[in-house]
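Participant: Next up, protein_25.cif (mmCIF, C-alpha atoms and all ligand atoms).
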data_data
#
loop_
_atom_site.group_PDB
_atom_site.id
_atom_site.type_symbol
_atom_site.label_atom_id
_atom_site.label_comp_id
_atom_site.auth_asym_id
_atom_site.auth_seq_id
_atom_site.Cartn_x
_atom_site.Cartn_y
_atom_site.Cartn_z
ATOM 1 C CA MET A 9 229.501 -23.142 -103.584
ATOM 2 C CA SER A 10 225.837 -24.110 -103.411
ATOM 3 C CA ILE A 11 223.778 -23.395 -100.282
ATOM 4 C CA ARG A 12 222.730 -26.658 -98.621
ATOM 5 C CA VAL A 13 218.963 -26.663 -97.964
ATOM 6 C CA LEU A 14 216.708 -28.996 -95.960
ATOM 7 C CA VAL A 15 212.927 -28.777 -96.384
ATOM 8 C CA ASN A 16 210.762 -29.698 -93.372
ATOM 9 C CA GLY A 17 207.131 -30.483 -94.183
ATOM 10 C CA ALA A 18 208.398 -31.703 -97.576
ATOM 11 C CA LYS A 19 205.301 -33.839 -98.250
ATOM 12 C CA GLY A 20 202.864 -30.965 -97.714
ATOM 13 C CA ARG A 21 201.273 -28.576 -100.225
ATOM 14 C CA MET A 22 203.881 -25.869 -99.657
ATOM 15 C CA GLY A 23 206.759 -28.243 -98.929
ATOM 16 C CA ARG A 24 206.368 -30.027 -102.281
ATOM 17 C CA GLN A 25 206.545 -26.692 -104.124
ATOM 18 C CA VAL A 26 209.605 -25.636 -102.113
ATOM 19 C CA VAL A 27 211.380 -28.924 -102.922
ATOM 20 C CA GLN A 28 210.811 -28.296 -106.649
ATOM 21 C CA ALA A 29 211.837 -24.645 -106.420
ATOM 22 C CA VAL A 30 215.067 -25.462 -104.550
ATOM 23 C CA GLN A 31 215.926 -28.221 -107.030
ATOM 24 C CA ALA A 32 215.321 -25.873 -109.968
ATOM 25 C CA TYR A 33 217.399 -22.983 -108.600
ATOM 26 C CA GLN A 34 221.072 -22.941 -109.482
ATOM 27 C CA GLY A 35 223.130 -22.249 -106.407
ATOM 28 C CA LEU A 36 220.952 -24.282 -104.045
ATOM 29 C CA GLU A 37 221.403 -27.943 -103.170
ATOM 30 C CA LEU A 38 218.546 -29.943 -101.653
ATOM 31 C CA VAL A 39 220.253 -32.025 -98.956
ATOM 32 C CA GLY A 40 217.265 -33.166 -96.894
ATOM 33 C CA GLN A 41 213.515 -33.652 -96.864
ATOM 34 C CA THR A 42 211.699 -34.295 -93.583
ATOM 35 C CA ASP A 43 208.067 -34.526 -92.572
ATOM 36 C CA LEU A 44 205.885 -35.609 -89.664
ATOM 37 C CA GLY A 45 207.488 -38.540 -87.842
ATOM 38 C CA ASP A 46 211.080 -37.761 -88.910
ATOM 39 C CA ASP A 47 213.738 -36.654 -86.433
ATOM 40 C CA LEU A 48 214.378 -33.059 -87.481
ATOM 41 C CA LYS A 49 217.402 -32.527 -85.196
ATOM 42 C CA GLN A 50 219.096 -35.660 -86.489
ATOM 43 C CA ALA A 51 218.334 -34.770 -90.115
ATOM 44 C CA LEU A 52 219.741 -31.267 -89.666
ATOM 45 C CA GLY A 53 222.985 -32.714 -88.316
ATOM 46 C CA GLN A 54 223.332 -35.536 -90.809
ATOM 47 C CA SER A 55 222.518 -33.442 -93.881
ATOM 48 C CA LYS A 56 224.877 -30.619 -92.853
ATOM 49 C CA ALA A 57 222.155 -28.240 -94.016
ATOM 50 C CA GLN A 58 222.970 -24.533 -93.888
ATOM 51 C CA VAL A 59 219.339 -23.433 -94.314
ATOM 52 C CA ALA A 60 216.167 -25.213 -93.188
ATOM 53 C CA VAL A 61 212.834 -24.225 -94.729
ATOM 54 C CA ASP A 62 209.801 -25.066 -92.562
ATOM 55 C CA PHE A 63 206.212 -25.287 -93.829
ATOM 56 C CA THR A 64 204.562 -27.664 -91.371
ATOM 57 C CA HIS A 65 201.771 -27.030 -88.858
ATOM 58 C CA PRO A 66 201.042 -24.197 -86.409
ATOM 59 C CA SER A 67 201.257 -26.657 -83.489
ATOM 60 C CA ALA A 68 204.863 -27.488 -84.434
ATOM 61 C CA ALA A 69 206.037 -24.091 -85.663
ATOM 62 C CA TYR A 70 207.789 -22.941 -82.491
ATOM 63 C CA ALA A 71 209.463 -26.257 -81.623
ATOM 64 C CA ASN A 72 210.716 -26.682 -85.191
ATOM 65 C CA ALA A 73 212.081 -23.133 -85.430
ATOM 66 C CA ARG A 74 213.799 -23.549 -82.069
ATOM 67 C CA ALA A 75 215.352 -26.870 -83.101
ATOM 68 C CA ILE A 76 216.649 -25.312 -86.327
ATOM 69 C CA ILE A 77 218.217 -22.345 -84.512
ATOM 70 C CA GLU A 78 219.707 -24.537 -81.777
ATOM 71 C CA ALA A 79 221.299 -26.678 -84.501
ATOM 72 C CA GLY A 80 223.026 -23.536 -85.827
ATOM 73 C CA VAL A 81 221.084 -23.743 -89.109
ATOM 74 C CA HIS A 82 219.552 -20.636 -90.735
ATOM 75 C CA PRO A 83 215.738 -20.861 -90.459
ATOM 76 C CA VAL A 84 213.358 -19.812 -93.249
ATOM 77 C CA VAL A 85 209.955 -20.392 -91.687
ATOM 78 C CA GLY A 86 206.648 -20.001 -93.481
ATOM 79 C CA THR A 87 204.584 -21.934 -90.952
ATOM 80 C CA THR A 88 202.041 -19.660 -89.325
ATOM 81 C CA GLY A 89 200.598 -19.569 -85.831
ATOM 82 C CA PHE A 90 203.447 -18.034 -83.802
ATOM 83 C CA ARG A 91 202.577 -15.953 -80.735
ATOM 84 C CA PRO A 92 204.435 -12.617 -80.552
ATOM 85 C CA ASP A 93 206.343 -13.748 -77.418
ATOM 86 C CA GLU A 94 207.501 -16.889 -79.242
ATOM 87 C CA ILE A 95 208.896 -14.798 -82.084
ATOM 88 C CA GLY A 96 210.695 -12.605 -79.516
ATOM 89 C CA THR A 97 212.247 -15.664 -77.839
ATOM 90 C CA LEU A 98 213.411 -17.076 -81.187
ATOM 91 C CA GLN A 99 214.879 -13.705 -82.182
ATOM 92 C CA ALA A 100 216.821 -13.572 -78.911
ATOM 93 C CA LEU A 101 218.107 -17.125 -79.429
ATOM 94 C CA ALA A 102 219.239 -16.306 -82.975
ATOM 95 C CA LYS A 103 220.880 -13.075 -81.804
ATOM 96 C CA GLU A 104 222.947 -14.947 -79.187
ATOM 97 C CA ARG A 105 224.280 -17.117 -81.991
ATOM 98 C CA ARG A 106 224.505 -14.264 -84.543
ATOM 99 C CA LEU A 107 222.403 -16.478 -86.819
ATOM 100 C CA GLY A 108 220.433 -14.991 -89.713
ATOM 101 C CA GLY A 109 216.939 -16.186 -90.485
ATOM 102 C CA LEU A 110 213.428 -15.268 -91.455
ATOM 103 C CA ILE A 111 209.938 -16.035 -90.218
ATOM 104 C CA ALA A 112 207.397 -14.764 -92.732
ATOM 105 C CA PRO A 113 203.625 -15.192 -92.497
ATOM 106 C CA ASN A 114 203.449 -14.511 -96.228
ATOM 107 C CA PHE A 115 206.086 -15.029 -98.924
ATOM 108 C CA ALA A 116 204.044 -13.584 -101.806
ATOM 109 C CA ILE A 117 205.461 -10.262 -103.013
ATOM 110 C CA GLY A 118 201.955 -8.961 -103.806
ATOM 111 C CA ALA A 119 200.815 -9.713 -100.261
ATOM 112 C CA ILE A 120 203.754 -7.789 -98.823
ATOM 113 C CA LEU A 121 202.794 -4.809 -100.982
ATOM 114 C CA MET A 122 199.120 -5.175 -99.949
ATOM 115 C CA MET A 123 200.135 -4.998 -96.268
ATOM 116 C CA ARG A 124 202.411 -2.035 -96.874
ATOM 117 C CA TYR A 125 199.745 -0.125 -98.825
ATOM 118 C CA ALA A 126 197.150 -0.946 -96.159
ATOM 119 C CA ALA A 127 199.374 0.491 -93.429
ATOM 120 C CA GLU A 128 200.035 3.597 -95.540
ATOM 121 C CA ALA A 129 196.301 4.079 -96.221
ATOM 122 C CA ALA A 130 195.416 3.626 -92.529
ATOM 123 C CA ARG A 131 197.323 6.820 -91.741
ATOM 124 C CA PHE A 132 194.567 8.648 -93.650
ATOM 125 C CA PHE A 133 191.673 6.227 -93.016
ATOM 126 C CA PRO A 134 191.925 4.885 -89.446
ATOM 127 C CA HIS A 135 188.563 3.060 -89.781
ATOM 128 C CA VAL A 136 189.682 -0.259 -91.241
ATOM 129 C CA GLU A 137 188.666 -3.920 -91.204
ATOM 130 C CA ILE A 138 190.261 -7.041 -92.701
ATOM 131 C CA ILE A 139 188.568 -9.952 -94.459
ATOM 132 C CA GLU A 140 190.843 -12.927 -95.072
ATOM 133 C CA LEU A 141 189.740 -15.947 -97.114
ATOM 134 C CA HIS A 142 191.536 -19.310 -97.256
ATOM 135 C CA HIS A 143 191.045 -22.923 -98.368
ATOM 136 C CA ASP A 144 189.205 -25.146 -95.894
ATOM 137 C CA GLY A 145 192.410 -27.082 -95.076
ATOM 138 C CA LYS A 146 193.862 -24.157 -93.148
ATOM 139 C CA ALA A 147 194.150 -25.047 -89.472
ATOM 140 C CA GLU A 148 194.242 -21.722 -87.683
ATOM 141 C CA ALA A 149 192.290 -18.469 -87.823
ATOM 142 C CA PRO A 150 192.849 -15.642 -88.264
ATOM 143 C CA SER A 151 195.705 -16.004 -90.737
ATOM 144 C CA GLY A 152 199.222 -14.910 -89.847
ATOM 145 C CA THR A 153 199.021 -12.403 -92.696
ATOM 146 C CA ALA A 154 195.873 -10.829 -91.250
ATOM 147 C CA ILE A 155 197.473 -10.479 -87.805
ATOM 148 C CA LYS A 156 200.636 -9.028 -89.311
ATOM 149 C CA THR A 157 198.563 -6.584 -91.393
ATOM 150 C CA ALA A 158 196.663 -5.529 -88.261
ATOM 151 C CA GLU A 159 199.951 -5.014 -86.438
ATOM 152 C CA MET A 160 201.270 -2.790 -89.244
ATOM 153 C CA ILE A 161 198.004 -0.825 -89.361
ATOM 154 C CA GLY A 162 198.059 -0.422 -85.569
ATOM 155 C CA ALA A 163 201.590 0.965 -85.737
ATOM 156 C CA ALA A 164 200.842 3.294 -88.666
ATOM 157 C CA ARG A 165 197.546 4.924 -87.762
ATOM 158 C CA ALA A 166 197.622 7.933 -85.519
ATOM 159 C CA SER A 167 194.522 6.997 -83.505
ATOM 160 C CA THR A 168 192.280 4.011 -82.852
ATOM 161 C CA PRO A 169 188.724 4.991 -83.766
ATOM 162 C CA GLU A 170 186.067 4.572 -81.092
ATOM 163 C CA PRO A 171 182.866 2.749 -82.205
ATOM 164 C CA THR A 172 180.222 5.283 -83.200
ATOM 165 C CA VAL A 173 177.492 3.217 -81.515
ATOM 166 C CA GLN A 174 177.341 0.747 -78.655
ATOM 167 C CA GLU A 175 177.756 -2.484 -80.676
ATOM 168 C CA GLN A 176 175.624 -5.504 -79.841
ATOM 169 C CA GLU A 177 176.435 -8.881 -81.422
ATOM 170 C CA LEU A 178 173.187 -10.810 -81.882
ATOM 171 C CA ALA A 179 175.265 -13.882 -82.756
ATOM 172 C CA PRO A 180 178.717 -14.170 -81.118
ATOM 173 C CA GLY A 181 181.500 -13.430 -83.582
ATOM 174 C CA ALA A 182 179.343 -11.389 -85.951
ATOM 175 C CA ARG A 183 181.861 -8.543 -85.758
ATOM 176 C CA GLY A 184 184.819 -10.892 -86.186
ATOM 177 C CA THR A 185 187.798 -10.953 -83.886
ATOM 178 C CA ARG A 186 190.255 -8.137 -83.163
ATOM 179 C CA ALA A 187 194.031 -7.893 -83.382
ATOM 180 C CA TYR A 188 195.760 -4.600 -82.585
ATOM 181 C CA ALA A 189 192.207 -3.151 -82.385
ATOM 182 C CA VAL A 190 191.564 -4.029 -86.061
ATOM 183 C CA PRO A 191 188.507 -6.268 -86.722
ATOM 184 C CA ILE A 192 189.388 -9.420 -88.692
ATOM 185 C CA HIS A 193 186.867 -11.717 -90.395
ATOM 186 C CA SER A 194 188.033 -15.207 -91.466
ATOM 187 C CA VAL A 195 186.408 -17.190 -94.281
ATOM 188 C CA ARG A 196 187.310 -20.892 -94.876
ATOM 189 C CA LEU A 197 185.969 -22.427 -98.093
ATOM 190 C CA PRO A 198 186.938 -24.977 -100.727
ATOM 191 C CA GLY A 199 187.924 -23.371 -103.992
ATOM 192 C CA HIS A 200 190.163 -20.786 -102.329
ATOM 193 C CA VAL A 201 193.944 -20.580 -101.866
ATOM 194 C CA ALA A 202 194.801 -17.409 -99.879
ATOM 195 C CA HIS A 203 193.136 -14.027 -100.274
ATOM 196 C CA GLN A 204 192.866 -10.862 -98.230
ATOM 197 C CA GLU A 205 190.935 -7.645 -98.543
ATOM 198 C CA VAL A 206 191.589 -4.609 -96.394
ATOM 199 C CA ILE A 207 188.607 -2.254 -96.383
ATOM 200 C CA LEU A 208 189.106 1.324 -95.256
ATOM 201 C CA GLY A 209 186.206 3.689 -94.745
ATOM 202 C CA GLY A 210 186.236 7.484 -94.739
ATOM 203 C CA MET A 211 183.748 10.320 -95.032
ATOM 204 C CA GLY A 212 181.719 9.450 -98.136
ATOM 205 C CA GLU A 213 184.331 7.129 -99.617
ATOM 206 C CA SER A 214 185.848 3.693 -99.143
ATOM 207 C CA LEU A 215 189.086 2.122 -100.297
ATOM 208 C CA ARG A 216 189.664 -1.605 -100.821
ATOM 209 C CA ILE A 217 193.107 -3.156 -101.116
ATOM 210 C CA ARG A 218 193.007 -6.796 -102.182
ATOM 211 C CA HIS A 219 195.505 -9.549 -102.811
ATOM 212 C CA ASP A 220 194.652 -12.905 -104.391
ATOM 213 C CA THR A 221 196.913 -15.918 -104.410
ATOM 214 C CA ILE A 222 196.056 -17.805 -107.594
ATOM 215 C CA SER A 223 198.472 -20.689 -106.965
ATOM 216 C CA ARG A 224 201.163 -21.580 -104.417
ATOM 217 C CA GLU A 225 203.865 -20.816 -107.015
ATOM 218 C CA CYS A 226 203.546 -17.185 -105.975
ATOM 219 C CA PHE A 227 205.298 -17.916 -102.676
ATOM 220 C CA MET A 228 208.410 -19.393 -104.305
ATOM 221 C CA PRO A 229 210.318 -16.241 -105.377
ATOM 222 C CA GLY A 230 210.042 -14.983 -101.784
ATOM 223 C CA VAL A 231 211.152 -18.319 -100.315
ATOM 224 C CA ILE A 232 214.134 -18.552 -102.687
ATOM 225 C CA LEU A 233 215.087 -14.927 -101.963
ATOM 226 C CA ALA A 234 215.032 -15.682 -98.242
ATOM 227 C CA VAL A 235 217.057 -18.898 -98.598
ATOM 228 C CA THR A 236 219.774 -17.105 -100.548
ATOM 229 C CA ARG A 237 219.865 -14.086 -98.210
ATOM 230 C CA VAL A 238 219.661 -15.515 -94.671
ATOM 231 C CA VAL A 239 223.141 -17.057 -94.867
ATOM 232 C CA ASP A 240 224.580 -13.519 -94.932
ATOM 233 C CA LEU A 241 222.399 -12.150 -92.094
ATOM 234 C CA ASN A 242 223.099 -12.318 -88.383
ATOM 235 C CA GLU A 243 219.648 -11.878 -86.894
ATOM 236 C CA LEU A 244 216.186 -13.365 -87.233
ATOM 237 C CA TYR A 245 213.673 -11.126 -89.014
ATOM 238 C CA TYR A 246 209.889 -11.339 -88.933
ATOM 239 C CA GLY A 247 208.340 -10.455 -92.300
ATOM 240 C CA LEU A 248 209.676 -10.698 -95.850
ATOM 241 C CA GLU A 249 209.513 -6.911 -96.153
ATOM 242 C CA HIS A 250 212.770 -6.744 -94.149
ATOM 243 C CA LEU A 251 214.562 -8.396 -97.084
ATOM 244 C CA LEU A 252 212.715 -6.458 -99.802
ATOM 245 C CA PHE A 253 212.836 -2.793 -98.825
HETATM 246 P P1 LIG A 301 200.071 -29.104 -95.414
HETATM 247 O O1 LIG A 301 199.737 -29.384 -96.840
HETATM 248 O O2 LIG A 301 199.221 -29.721 -94.341
HETATM 249 O O3 LIG A 301 201.575 -29.553 -95.225
HETATM 250 C C1 LIG A 301 202.225 -29.602 -93.986
HETATM 251 C C2 LIG A 301 203.151 -30.813 -93.994
HETATM 252 O O4 LIG A 301 203.904 -30.803 -92.785
HETATM 253 C C3 LIG A 301 202.368 -32.124 -94.040
HETATM 254 O O5 LIG A 301 203.056 -33.069 -94.820
HETATM 255 C C4 LIG A 301 202.341 -32.516 -92.556
HETATM 256 O O6 LIG A 301 202.200 -33.903 -92.351
HETATM 257 C C5 LIG A 301 203.707 -32.057 -92.123
HETATM 258 N N1 LIG A 301 203.839 -31.846 -90.697
HETATM 259 C C6 LIG A 301 202.879 -31.592 -89.774
HETATM 260 N N2 LIG A 301 203.437 -31.453 -88.554
HETATM 261 C C7 LIG A 301 204.760 -31.637 -88.717
HETATM 262 C C8 LIG A 301 205.875 -31.637 -87.839
HETATM 263 N N3 LIG A 301 205.721 -31.444 -86.527
HETATM 264 N N4 LIG A 301 207.115 -31.841 -88.340
HETATM 265 C C9 LIG A 301 207.280 -32.064 -89.651
HETATM 266 N N5 LIG A 301 206.263 -32.086 -90.538
HETATM 267 C C10 LIG A 301 205.027 -31.882 -90.077
HETATM 268 O O7 LIG A 301 200.088 -27.551 -95.114
HETATM 269 P P2 LIG A 301 200.533 -26.365 -96.106
HETATM 270 O O8 LIG A 301 199.351 -25.875 -96.855
HETATM 271 O O9 LIG A 301 201.753 -26.781 -96.856
HETATM 272 O O10 LIG A 301 200.871 -25.234 -95.043
HETATM 273 C C11 LIG A 301 201.882 -25.429 -94.065
HETATM 274 C C12 LIG A 301 202.018 -24.175 -93.219
HETATM 275 O O11 LIG A 301 202.468 -23.099 -94.036
HETATM 276 C C13 LIG A 301 200.704 -23.676 -92.583
HETATM 277 O O12 LIG A 301 200.992 -23.139 -91.305
HETATM 278 C C14 LIG A 301 200.241 -22.594 -93.528
HETATM 279 O O13 LIG A 301 199.423 -21.645 -92.917
HETATM 280 C C15 LIG A 301 201.576 -22.006 -93.906
HETATM 281 N N6 LIG A 301 201.618 -21.233 -95.168
HETATM 282 C C16 LIG A 301 202.421 -20.163 -95.176
HETATM 283 C C17 LIG A 301 202.597 -19.451 -96.325
HETATM 284 C C18 LIG A 301 203.548 -18.281 -96.320
HETATM 285 O O14 LIG A 301 203.680 -17.595 -97.355
HETATM 286 N N7 LIG A 301 204.238 -18.023 -95.210
HETATM 287 C C19 LIG A 301 201.911 -19.808 -97.491
HETATM 288 C C20 LIG A 301 201.081 -20.931 -97.463
HETATM 289 C C21 LIG A 301 200.953 -21.655 -96.284
HETATM 290 P P3 LIG A 301 200.712 -34.527 -92.164
HETATM 291 O O15 LIG A 301 199.963 -34.199 -93.416
HETATM 292 O O16 LIG A 301 200.984 -35.988 -91.975
HETATM 293 O O17 LIG A 301 200.116 -33.861 -90.949
#
Just dump the structure as structure tokens.
Facilitator:
Amino acid sequence: MSIRVLVNGAKGRMGRQVVQAVQAYQGLELVGQTDLGDDLKQALGQSKAQVAVDFTHPSAAYANARAIIEAGVHPVVGTTGFRPDEIGTLQALAKERRLGGLIAPNFAIGAILMMRYAAEAARFFPHVEIIELHHDGKAEAPSGTAIKTAEMIGAARASTPEPTVQEQELAPGARGTRAYAVPIHSVRLPGHVAHQEVILGGMGESLRIRHDTISRECFMPGVILAVTRVVDLNELYYGLEHLLF
């Protein structure tokens, strides 16, 4: 029996790739495509989708994920821009219904490894900063991947280093923003897809861990893995690593 899949944001850059990937994968059936202006709740009901993949817009991420869960459909959400409390609320909603799902700020396997290695390295090098670079069509900053990386670093490192000098920003934002006490610098330029470098500094040495997305194809194995796995899960996970390791 094929898994019935609806793609929300189907006309977008990611959505178009997901539509192709679902159609090409044996064992999945594309039963719906929705985008801005469509009635997602109605489409979920009419299509009898088992899994809904959402790559839309940060402003719609929470409402869409909530609608998918409330319809009893397994969510696979790549849209970024969730606040931590929103993820907690969605996880509680899914738990009540014993519904499996995944919200992942990054579906690229290499990016998951980059985050994992960064967290591991931060145990030894607590002085760490993140530079994330994306195409100029990306709405929000910093990226969900950068925030997630900062969260993992914050949880892994034994101490948060104090600044060695009293810092003074001559132009506001010169030192980036901070998440989980990790400085994050966001670059938005044409000619980029999605890239991130984690720079760790120690006594007389530095370590750089970098991931480059060359094309959006790289997200598809992770999306397909999630679509095929969530139907057998009974809670909502945050991060593809929960399905990989
Ligand atoms: P995109 O090209 O702008 O595509 C988004 C699509 O969703 C567009 O067709 C857009 O319509 C539509 N849309 C906007 N609001 C909607 C709503 N409320 N309901 C239904 N459809 C809606 O963007 P993208 O590059 O595909 O990225 C989409 C999201 O995925 C972003 O949050 C991005 O950061 C994230 N992303 C995640 C990963 C990951 O691995 N997790 C990877 C890449 C991107 P209009 O064009 O008419 O507004």
Participant: Output as lines of an AutoDock Vina configuration file the centre and edge lengths (Å, one decimal) of the box along x, y and z of the file that holds every listed atom of segment 57-67 of chain A after adding 8 Å on each side.
Facilitator:
center_x = 212.0
center_y = -25.8
center_z = -89.1
size_x = 37.9
size_y = 20.8
size_z = 27.2
Participant: Atom CA of Thr221 of chain A to atom CA of Gly40 of chain A: how many Å, to one decimal?
Facilitator: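 That distance, rounded to one decimal, is 27.7 Å.
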Participant: Any residue with an atom at most 8 Å from ligand LIG 301 (chain A) counts, using only C-alpha atoms and all ligand atoms. Which are they? Put them as a VMD selection string.
Facilitator: chain A and resid 16 to 24 42 to 46 48 62 to 69 72 85 to 89 111 to 116 145 to 148 151 to 152 202 224 227
Participant: Go ahead and dump the residues you just picked, C-alpha atoms, as an mmCIF file, in the coordinates of the input.
Facilitator:
data_model
loop_
_atom_site.group_PDB
_atom_site.id
_atom_site.type_symbol
_atom_site.label_atom_id
_atom_site.label_comp_id
_atom_site.auth_asym_id
_atom_site.auth_seq_id
_atom_site.Cartn_x
_atom_site.Cartn_y
_atom_site.Cartn_z
ATOM 1 C CA ASN A 16 210.762 -29.698 -93.372
ATOM 2 C CA GLY A 17 207.131 -30.483 -94.183
ATOM 3 C CA ALA A 18 208.398 -31.703 -97.576
ATOM 4 C CA LYS A 19 205.301 -33.839 -98.250
ATOM 5 C CA GLY A 20 202.864 -30.965 -97.714
ATOM 6 C CA ARG A 21 201.273 -28.576 -100.225
ATOM 7 C CA MET A 22 203.881 -25.869 -99.657
ATOM 8 C CA GLY A 23 206.759 -28.243 -98.929
ATOM 9 C CA ARG A 24 206.368 -30.027 -102.281
ATOM 10 C CA THR A 42 211.699 -34.295 -93.583
ATOM 11 C CA ASP A 43 208.067 -34.526 -92.572
ATOM 12 C CA LEU A 44 205.885 -35.609 -89.664
ATOM 13 C CA GLY A 45 207.488 -38.540 -87.842
ATOM 14 C CA ASP A 46 211.080 -37.761 -88.910
ATOM 15 C CA LEU A 48 214.378 -33.059 -87.481
ATOM 16 C CA ASP A 62 209.801 -25.066 -92.562
ATOM 17 C CA PHE A 63 206.212 -25.287 -93.829
ATOM 18 C CA THR A 64 204.562 -27.664 -91.371
ATOM 19 C CA HIS A 65 201.771 -27.030 -88.858
ATOM 20 C CA PRO A 66 201.042 -24.197 -86.409
ATOM 21 C CA SER A 67 201.257 -26.657 -83.489
ATOM 22 C CA ALA A 68 204.863 -27.488 -84.434
ATOM 23 C CA ALA A 69 206.037 -24.091 -85.663
ATOM 24 C CA ASN A 72 210.716 -26.682 -85.191
ATOM 25 C CA VAL A 85 209.955 -20.392 -91.687
ATOM 26 C CA GLY A 86 206.648 -20.001 -93.481
ATOM 27 C CA THR A 87 204.584 -21.934 -90.952
ATOM 28 C CA THR A 88 202.041 -19.660 -89.325
ATOM 29 C CA GLY A 89 200.598 -19.569 -85.831
ATOM 30 C CA ILE A 111 209.938 -16.035 -90.218
ATOM 31 C CA ALA A 112 207.397 -14.764 -92.732
ATOM 32 C CA PRO A 113 203.625 -15.192 -92.497
ATOM 33 C CA ASN A 114 203.449 -14.511 -96.228
ATOM 34 C CA PHE A 115 206.086 -15.029 -98.924
ATOM 35 C CA ALA A 116 204.044 -13.584 -101.806
ATOM 36 C CA GLY A 145 192.410 -27.082 -95.076
ATOM 37 C CA LYS A 146 193.862 -24.157 -93.148
ATOM 38 C CA ALA A 147 194.150 -25.047 -89.472
ATOM 39 C CA GLU A 148 194.242 -21.722 -87.683
ATOM 40 C CA SER A 151 195.705 -16.004 -90.737
ATOM 41 C CA GLY A 152 199.222 -14.910 -89.847
ATOM 42 C CA ALA A 202 194.801 -17.409 -99.879
ATOM 43 C CA ARG A 224 201.163 -21.580 -104.417
ATOM 44 C CA PHE A 227 205.298 -17.916 -102.676
#
Participant: Between A:Leu110, A:Pro92, A:Leu241, A:Glu170, which one has atoms that come closest to Ala187 of chain A, using all atoms listed in the file?
Facilitator: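 Result for the nearest residue to Ala187 of chain A: A:Pro92.
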Participant: Which protein, DNA or RNA residues are at most 12 Å from (187.5, -3.5, -86.5) in the file's coordinates when you count all atoms listed in the file, listed as a VMD selection string?
Facilitator: chain A and resid 134 to 139 158 161 to 162 168 to 172 175 181 to 193 206 to 209
Participant: If you keep C-alpha atoms, can you output segment 112-144 of chain A as an mmCIF file, in the first residue's frame?
Facilitator:
data_model
loop_
_atom_site.group_PDB
_atom_site.id
_atom_site.type_symbol
_atom_site.label_atom_id
_atom_site.label_comp_id
_atom_site.auth_asym_id
_atom_site.auth_seq_id
_atom_site.Cartn_x
_atom_site.Cartn_y
_atom_site.Cartn_z
ATOM 1 C CA ALA A 112 13.157 19.831 10.496
ATOM 2 C CA PRO A 113 14.952 23.125 9.868
ATOM 3 C CA ASN A 114 17.287 21.253 7.532
ATOM 4 C CA PHE A 115 16.706 18.049 5.561
ATOM 5 C CA ALA A 116 20.223 17.799 4.099
ATOM 6 C CA ILE A 117 22.167 14.884 5.589
ATOM 7 C CA GLY A 118 25.438 16.850 5.375
ATOM 8 C CA ALA A 119 23.908 19.716 7.345
ATOM 9 C CA ILE A 120 22.782 17.338 10.081
ATOM 10 C CA LEU A 121 26.336 16.005 10.315
ATOM 11 C CA MET A 122 27.733 19.575 10.331
ATOM 12 C CA MET A 123 25.500 20.438 13.310
ATOM 13 C CA ARG A 124 26.421 17.248 15.127
ATOM 14 C CA TYR A 125 30.160 17.770 14.575
ATOM 15 C CA ALA A 126 29.850 21.412 15.648
ATOM 16 C CA ALA A 127 28.200 20.397 18.920
ATOM 17 C CA GLU A 128 30.873 17.739 19.496
ATOM 18 C CA ALA A 129 33.683 20.239 18.795
ATOM 19 C CA ALA A 130 32.131 22.861 21.105
ATOM 20 C CA ARG A 131 32.753 20.543 24.054
ATOM 21 C CA PHE A 132 36.471 21.187 23.466
ATOM 22 C CA PHE A 133 36.252 24.689 21.942
ATOM 23 C CA PRO A 134 33.512 26.664 23.733
ATOM 24 C CA HIS A 135 34.421 29.866 21.820
ATOM 25 C CA VAL A 136 32.284 29.484 18.709
ATOM 26 C CA GLU A 137 30.443 31.647 16.184
ATOM 27 C CA ILE A 138 28.177 30.792 13.242
ATOM 28 C CA ILE A 139 28.083 32.377 9.790
ATOM 29 C CA GLU A 140 25.095 31.342 7.691
ATOM 30 C CA LEU A 141 24.722 32.358 4.039
ATOM 31 C CA HIS A 142 21.531 32.072 1.967
ATOM 32 C CA HIS A 143 19.968 33.252 -1.303
ATOM 33 C CA ASP A 144 18.387 36.707 -1.191
#
